[in-house]
2 protein chains.
Amino acid sequence: MRILAFFLSAASIWAQRPAAGPVIVSPEVHADKRVTFRLLAPQATQVMLRAESMQPAKMEKDEKGVWSFTIGPVRPDMYSYSFSVDGVTVADPRNSLIKEAVRGGPASLFDVPGEGVAFHARQDVPHGAVHEHWYSSKAVGKTRRFHVYTPPGYDMDPRATYPVLYLLHGSGDTDREWTTVGRANWIIDNLIAQKKATAMIVVMPDGHPVDPNSADPAARGQNTPLFERDLVEDVMPMAERIYRIRREASSRALAGLSMGGGQTLAVGTKHSDKFAHLGVFSMGINERNSNAALMDQLKNQALNKNLQLFWIGCGKEDGLVEGARKLSETLKANGVKHVYRETDGAHVWWLWRTYLAELAPQLFRKTS
Amino acid sequence: MRILAFFLSAASIWAQRPAAGPVIVSPEVHADKRVTFRLLAPQATQVMLRAESMQPAKMEKDEKGVWSFTIGPVRPDMYSYSFSVDGVTVADPRNSLIKEAVRGGPASLFDVPGEGVAFHARQDVPHGAVHEHWYSSKAVGKTRRFHVYTPPGYDMDPRATYPVLYLLHGSGDTDREWTTVGRANWIIDNLIAQKKATAMIVVMPDGHPVDPNSADPAARGQNTPLFERDLVEDVMPMAERIYRIRREASSRALAGLSMGGGQTLAVGTKHSDKFAHLGVFSMGINERNSNAALMDQLKNQALNKNLQLFWIGCGKEDGLVEGARKLSETLKANGVKHVYRETDGAHVWWLWRTYLAELAPQLFRKTS
């Protein structure tokens, strides 16, 4: 076979890069918490800014072809955004802070600092480490990946053992986003440094054993049952073999956001003998998950005996808040103890970071 | 301060996403090794395809607003690409394989399988793990990051010790790219499974202690000296504390591509008592690095005593090949033993993957 290849010298490859134009700074976070976004696109006819928690906005072009728009003042936190250039979604080419995704393409992130240092900022405290592991999942029949956070000092004392939080991502994300966007590692680092949380290991599995882009609804419907088997039969044994993880239920928590909240609900209430702490973020009971098995699990009086904490949180502006209320009402009617927190916010990452920071200090306070 | 927030329900956030249009598959790798790229952009006036190792190509629009272009047949390997939409660089929104960068924005990757399984593919063999560590660099005065690969079985025998390869990235990349784009972990996994390479640990530091986007040339000129101190005083002691790394020079290698090749040359020939194996990929002597100190180091006869392998490789179509030839000629004139390999290819990632696969089996064959 004839293989075509158009090899260019290094010099000409660099020359393909856009020629040096005006110096573009984007995003620019101002002292008054306004944020200016800029994009060099002289040939574009329309550029929109789409930022998390905001209405889409038309950007304006100057005489040099730089489109810009200023938002805010913005509530201090980290947010994702992208540009839409003549209808095409674009991450900000001037910004190296990227959020990956399994669909929709990458987005960019911006961070608006508040008074003092944010609870999710990389502060000057001892840092844990983040590990990526690949494994051959017997349950799924594929090679899969999970991420693990180990707390500061993990490598100092080879005899120390730790409780574990299994932390699940949302639909369209991967096992990486709880650290890159969710800042779970910095959040836990900071809580440990302030002695607000117990040093813990966090295992972040991949919640998409079935490709979410699959055109087959029957296959997609098998996602939660497959995830349950993958977690219990593959991920947990491997994590417990590699890391010094305590194995009693009182030292295990399961929590997740959105789709991962649904998985926490389905798997955690079924296996309450394995996880004494559950955290359901921005999810509840809806038409898709309210099957007979789940409704039975929510009546099981073993939940009161096994669970030390059943925490449910949802934003008032979240489209899923009705389902979260229904979940809390169902548990109440069934006499199942739980904490229900309805907070400000919609279906957005800043909320899930605050939920993790609220949940983590409540975990592993009693040992069996 | 009044904080503006435009909170939307989850439902309306999803509704902001582009409405369902034609089903777009991109990239589509055909059986005959041609590759079709597609982008939905009905409002764009020009869309270009920029793929690694190829001339930029104008894509063509169909009546549904889908731009497409087919290349190849393409030499089997993995390549990066992006679209230029009315002059703005865009990663492919249909492709979750992303290459991050510290400048220029994210790009996408496509993989053309060859006959059999690629040496850099994730094969059905035991897999090592990849670890991210943060540390407070005394040399640089910043919190920095490095990545570590541990080989399959690392967690099985707590007494086993391993040789170490310090592997350096190129300008504009980060300590993450040797695994995401360079596939160093799969390459070493496969070589170990085939018993072609010794099980080793790979430490991948961040080669940009100075921001490469800095407008200050004097600051940028301090990058290599600062990197040297950071590596020797911070990264190596921390890696050796956390991992079971052998510490004799014969069990240590230093290698890197492009800028990382220059760092290998500068640091490795200065500290040949610490590293018995050097690999310089796609770099040589040029106007920027041929200072008196480096030229003296290249004359040092201790190199012949200390080094078991001094490997230099460069592509014939690389704009830097003249510098690589000059490096080899200088070493020859100085009587310094080395291997000089001039291969096909330009200044591109597929070449560096083959160089790693060629170098790794030659490392750590003799122990001191």
# chains A, B, ... in the order shown; residues from 1 in each chain; ligands from 1
>>> select_by_dssp(residues="segment 28-251 of chain A", states="alpha helix (DSSP H)", output="PyMOL selection string")
chain A and resi 177-180+184-193+217-221+223-229+236-242
>>> residues_around(residues="Thr45 of chain A", least_positions_apart="6", cutoff="9 Å", atoms="only C-alpha atoms", output="PyMOL selection string")
(chain A and resi 85-86) or (chain B and resi 43-45+86)
>>> residues_around(residues="His271 of chain B", least_positions_apart="2", cutoff="10 Å", atoms="only C-alpha atoms", output="ChimeraX atom specification")
/B:228,232,249,264-269,273-276,297,303,306
>>> select_by_dssp(residues="segment 108-353 of chain A", states="strand (DSSP E)", output="number ranges by chain")
A: 108-112, 129-137, 142-150, 164-168, 201-204, 252-257, 277-281, 309-315, 339-343
>>> residues_around(residues="segment 335-345 of chain B", least_positions_apart="2", cutoff="9 Å", atoms="only C-alpha atoms", output="PyMOL selection string")
(chain A and resi 7-9) or (chain B and resi 53+298-301+303-304+307+309-318+321+324-325+328+330-333+347-348+350-351)
>>> write_last_selection(atoms="N, CA and C atoms", output="CSV table (one decimal), in the first residue's frame")
chain,number,residue,atom,x,y,z
A,7,PHE,N,5.6,15.3,5.1
A,7,PHE,CA,6.4,15.7,6.3
A,7,PHE,C,7.0,17.1,6.1
A,8,LEU,N,6.9,17.9,7.1
A,8,LEU,CA,7.3,19.2,7.1
A,8,LEU,C,8.5,19.4,8.1
A,9,SER,N,9.3,20.3,7.9
A,9,SER,CA,10.3,20.6,8.9
A,9,SER,C,9.7,21.2,10.1
B,53,SER,N,2.1,16.5,10.7
B,53,SER,CA,2.8,15.9,9.5
B,53,SER,C,2.1,16.2,8.2
B,298,LEU,N,30.9,18.9,26.9
B,298,LEU,CA,31.0,17.9,25.8
B,298,LEU,C,32.4,17.4,25.5
B,299,LYS,N,33.4,18.1,26.1
B,299,LYS,CA,34.8,17.7,26.0
B,299,LYS,C,35.2,16.8,27.1
B,300,ASN,N,34.4,16.7,28.2
B,300,ASN,CA,34.8,16.1,29.4
B,300,ASN,C,35.0,14.6,29.2
B,301,GLN,N,36.2,14.1,29.4
B,301,GLN,CA,36.5,12.7,29.1
B,301,GLN,C,35.8,11.8,30.2
B,303,LEU,N,32.9,11.6,30.6
B,303,LEU,CA,31.7,11.1,29.9
B,303,LEU,C,31.9,9.6,29.4
B,304,ASN,N,33.1,9.4,28.9
B,304,ASN,CA,33.4,8.0,28.4
B,304,ASN,C,33.4,7.0,29.6
B,307,LEU,N,29.3,7.1,31.2
B,307,LEU,CA,28.1,6.8,30.4
B,307,LEU,C,28.2,5.4,29.8
B,309,LEU,N,25.5,4.6,27.9
B,309,LEU,CA,24.8,4.9,26.6
B,309,LEU,C,24.6,6.4,26.5
B,310,PHE,N,25.0,6.9,25.3
B,310,PHE,CA,24.7,8.3,25.0
B,310,PHE,C,24.1,8.3,23.6
B,311,TRP,N,22.8,8.3,23.7
B,311,TRP,CA,22.0,8.0,22.4
B,311,TRP,C,21.4,9.3,21.9
B,312,ILE,N,21.6,9.6,20.7
B,312,ILE,CA,21.1,10.8,20.0
B,312,ILE,C,20.3,10.4,18.8
B,313,GLY,N,19.1,10.9,18.7
B,313,GLY,CA,18.3,10.6,17.5
B,313,GLY,C,17.6,11.9,17.0
B,314,CYS,N,17.5,12.0,15.6
B,314,CYS,CA,16.8,13.1,15.0
B,314,CYS,C,16.3,12.7,13.7
B,315,GLY,N,15.1,13.3,13.3
B,315,GLY,CA,14.5,13.0,12.0
B,315,GLY,C,15.2,13.8,10.9
B,316,LYS,N,15.3,13.2,9.8
B,316,LYS,CA,16.0,13.9,8.6
B,316,LYS,C,15.2,15.1,8.2
B,317,GLU,N,13.9,15.1,8.4
B,317,GLU,CA,13.1,16.2,7.9
B,317,GLU,C,12.9,17.3,9.0
B,318,ASP,N,13.5,17.1,10.2
B,318,ASP,CA,13.4,18.0,11.3
B,318,ASP,C,14.3,19.3,11.0
B,321,VAL,N,17.8,19.2,12.5
B,321,VAL,CA,18.7,18.1,12.3
B,321,VAL,C,20.1,18.6,12.1
B,324,ALA,N,21.6,18.6,15.4
B,324,ALA,CA,21.9,17.2,15.9
B,324,ALA,C,23.2,16.7,15.3
B,325,ARG,N,23.4,16.9,14.0
B,325,ARG,CA,24.6,16.5,13.3
B,325,ARG,C,25.8,17.2,13.9
B,328,SER,N,26.7,15.5,17.1
B,328,SER,CA,27.4,14.2,16.9
B,328,SER,C,28.9,14.5,16.5
B,330,THR,N,30.7,17.1,17.0
B,330,THR,CA,31.5,17.7,18.1
B,330,THR,C,31.9,16.6,19.1
B,331,LEU,N,31.0,15.7,19.4
B,331,LEU,CA,31.4,14.6,20.3
B,331,LEU,C,32.4,13.7,19.7
B,332,LYS,N,32.3,13.4,18.4
B,332,LYS,CA,33.3,12.6,17.6
B,332,LYS,C,34.6,13.3,17.7
B,333,ALA,N,34.7,14.6,17.4
B,333,ALA,CA,36.0,15.3,17.5
B,333,ALA,C,36.6,15.3,18.8
B,347,HIS,N,9.6,16.9,13.2
B,347,HIS,CA,9.6,17.2,14.7
B,347,HIS,C,8.3,16.9,15.2
B,348,VAL,N,8.0,15.6,15.3
B,348,VAL,CA,6.6,15.1,15.6
B,348,VAL,C,6.6,14.0,16.6
B,350,TRP,N,5.0,11.0,16.7
B,350,TRP,CA,5.1,9.6,16.4
B,350,TRP,C,6.6,9.2,16.4
B,351,LEU,N,7.5,10.1,16.0
B,351,LEU,CA,8.9,9.8,16.0
B,351,LEU,C,9.4,9.6,17.5
>>> closest_atom_pairs(of="segment 117-206 of chain A", to="segment 143-154 of chain B", cutoff="12 Å", atoms="only C-alpha atoms", output="tab-separated table")
residue	atom	partner	partner_atom	distance
A:Arg122	CA	B:Thr143	CA	8.7
A:Gln123	CA	B:Thr143	CA	9.3
A:Asp124	CA	B:Thr143	CA	8.1
A:Val125	CA	B:Thr143	CA	10.1
A:Pro126	CA	B:Thr143	CA	10.4
A:His127	CA	B:Thr143	CA	9.7
A:Gly128	CA	B:Arg145	CA	11.5
A:Ala129	CA	B:Arg145	CA	9.8
A:Val130	CA	B:His147	CA	9.5
A:His131	CA	B:Val148	CA	9.1
A:Glu132	CA	B:Tyr149	CA	9.5
A:His133	CA	B:Thr150	CA	10.1
A:Trp134	CA	B:Pro152	CA	10.1
A:Tyr135	CA	B:Pro152	CA	10.7
>>> write_last_selection(atoms="C-alpha atoms", output="JSON list (two decimals), in the first residue's frame")
[["chain", "number", "residue", "atom", "x", "y", "z"],
["A", 122, "ARG", "CA", -4.20, 24.71, 45.95],
["A", 123, "GLN", "CA", -3.08, 26.18, 49.26],
["A", 124, "ASP", "CA", 0.35, 26.08, 50.86],
["A", 125, "VAL", "CA", -0.38, 22.90, 52.83],
["A", 126, "PRO", "CA", 0.93, 19.33, 52.47],
["A", 127, "HIS", "CA", -0.47, 17.77, 49.30],
["A", 128, "GLY", "CA", -1.67, 14.28, 48.61],
["A", 129, "ALA", "CA", -1.12, 12.52, 45.29],
["A", 130, "VAL", "CA", -3.43, 11.39, 42.48],
["A", 131, "HIS", "CA", -2.97, 8.01, 40.83],
["A", 132, "GLU", "CA", -4.36, 6.54, 37.59],
["A", 133, "HIS", "CA", -4.81, 2.79, 37.41],
["A", 134, "TRP", "CA", -5.90, 0.59, 34.52],
["A", 135, "TYR", "CA", -7.52, -2.75, 35.10]]
>>> residues_around(residues="Ala253 of chain A", least_positions_apart="3", cutoff="7 Å", atoms="only C-alpha atoms", output="number ranges by chain")
A: 164-166, 275-278
>>> residues_around(residues="Asp206 of chain A", least_positions_apart="5", cutoff="10 Å", atoms="only C-alpha atoms", output="short mmCIF file (atom, residue, chain, number, x, y, z; two decimals) with N, CA and C atoms, in the first residue's frame")
data_model
loop_
_atom_site.label_atom_id
_atom_site.label_comp_id
_atom_site.auth_asym_id
_atom_site.auth_seq_id
_atom_site.Cartn_x
_atom_site.Cartn_y
_atom_site.Cartn_z
N ARG A 144 -10.37 -0.81 31.82
CA ARG A 144 -10.96 0.44 32.30
C ARG A 144 -9.97 1.17 33.21
N ARG A 145 -10.36 2.35 33.67
CA ARG A 145 -9.46 3.20 34.44
C ARG A 145 -10.16 3.70 35.70
N PHE A 146 -9.41 3.86 36.79
CA PHE A 146 -9.91 4.64 37.92
C PHE A 146 -8.80 5.53 38.45
N HIS A 147 -9.21 6.58 39.16
CA HIS A 147 -8.27 7.49 39.81
C HIS A 147 -8.35 7.30 41.32
N LEU A 167 -15.97 8.05 45.10
CA LEU A 167 -16.56 9.33 44.68
C LEU A 167 -16.85 9.27 43.18
N LEU A 168 -18.12 9.48 42.81
CA LEU A 168 -18.58 9.20 41.44
C LEU A 168 -18.89 10.48 40.67
N HIS A 169 -18.51 10.50 39.40
CA HIS A 169 -18.71 11.67 38.55
C HIS A 169 -20.09 11.66 37.89
N GLY A 170 -20.39 12.71 37.13
CA GLY A 170 -21.67 12.83 36.45
C GLY A 170 -21.63 12.37 35.00
N ASP A 173 -18.90 13.08 32.00
CA ASP A 173 -17.56 13.26 32.54
C ASP A 173 -16.85 11.91 32.65
N THR A 174 -15.61 11.95 33.11
CA THR A 174 -14.82 10.73 33.25
C THR A 174 -14.34 10.62 34.70
N ASP A 175 -13.56 9.60 34.99
CA ASP A 175 -13.03 9.42 36.33
C ASP A 175 -11.97 10.48 36.67
N ARG A 176 -11.64 11.34 35.69
CA ARG A 176 -10.63 12.36 35.96
C ARG A 176 -11.25 13.66 36.53
N PHE A 227 -22.17 -0.91 36.22
CA PHE A 227 -21.31 -0.13 37.10
C PHE A 227 -21.25 -0.75 38.50
N ASP A 230 -18.96 -3.75 38.38
CA ASP A 230 -17.58 -3.30 38.17
C ASP A 230 -17.00 -2.74 39.48
N LEU A 231 -17.81 -1.94 40.19
CA LEU A 231 -17.34 -1.33 41.43
C LEU A 231 -17.07 -2.40 42.49
N VAL A 235 -13.24 -2.91 41.01
CA VAL A 235 -12.55 -1.72 41.51
C VAL A 235 -12.21 -1.85 42.99
N GLY A 260 -23.80 10.11 39.05
CA GLY A 260 -23.09 9.43 40.14
C GLY A 260 -23.89 9.44 41.44
#
>>> residues_around(residues="Val29 of chain A", least_positions_apart="3", cutoff="9 Å", atoms="only C-alpha atoms", output="list in words")
Ser26, Asp32, Lys33, Arg34, Val35, Thr36, Phe37, Phe110, Asp111, Val112 and Pro113 of chain A
>>> atom_distance(atom1="atom CA of Ile285 of chain B", atom2="atom CA of Gly261 of chain B")
10.4 Å
>>> closest_residue(among="B:Thr180, B:Ser82, B:Ser96, B:Ser137", to="Pro56 of chain B", atoms="only C-alpha atoms")
B:Ser82
>>> closest_residue(among="A:Gln222, A:Ser251, A:Gln263, A:Thr89", to="chain B", atoms="only C-alpha atoms")
A:Thr89
>>> closest_residue(among="B:Asp62, B:Asp296, B:Glu100, B:Asp77", to="chain A", atoms="only C-alpha atoms")
B:Glu100
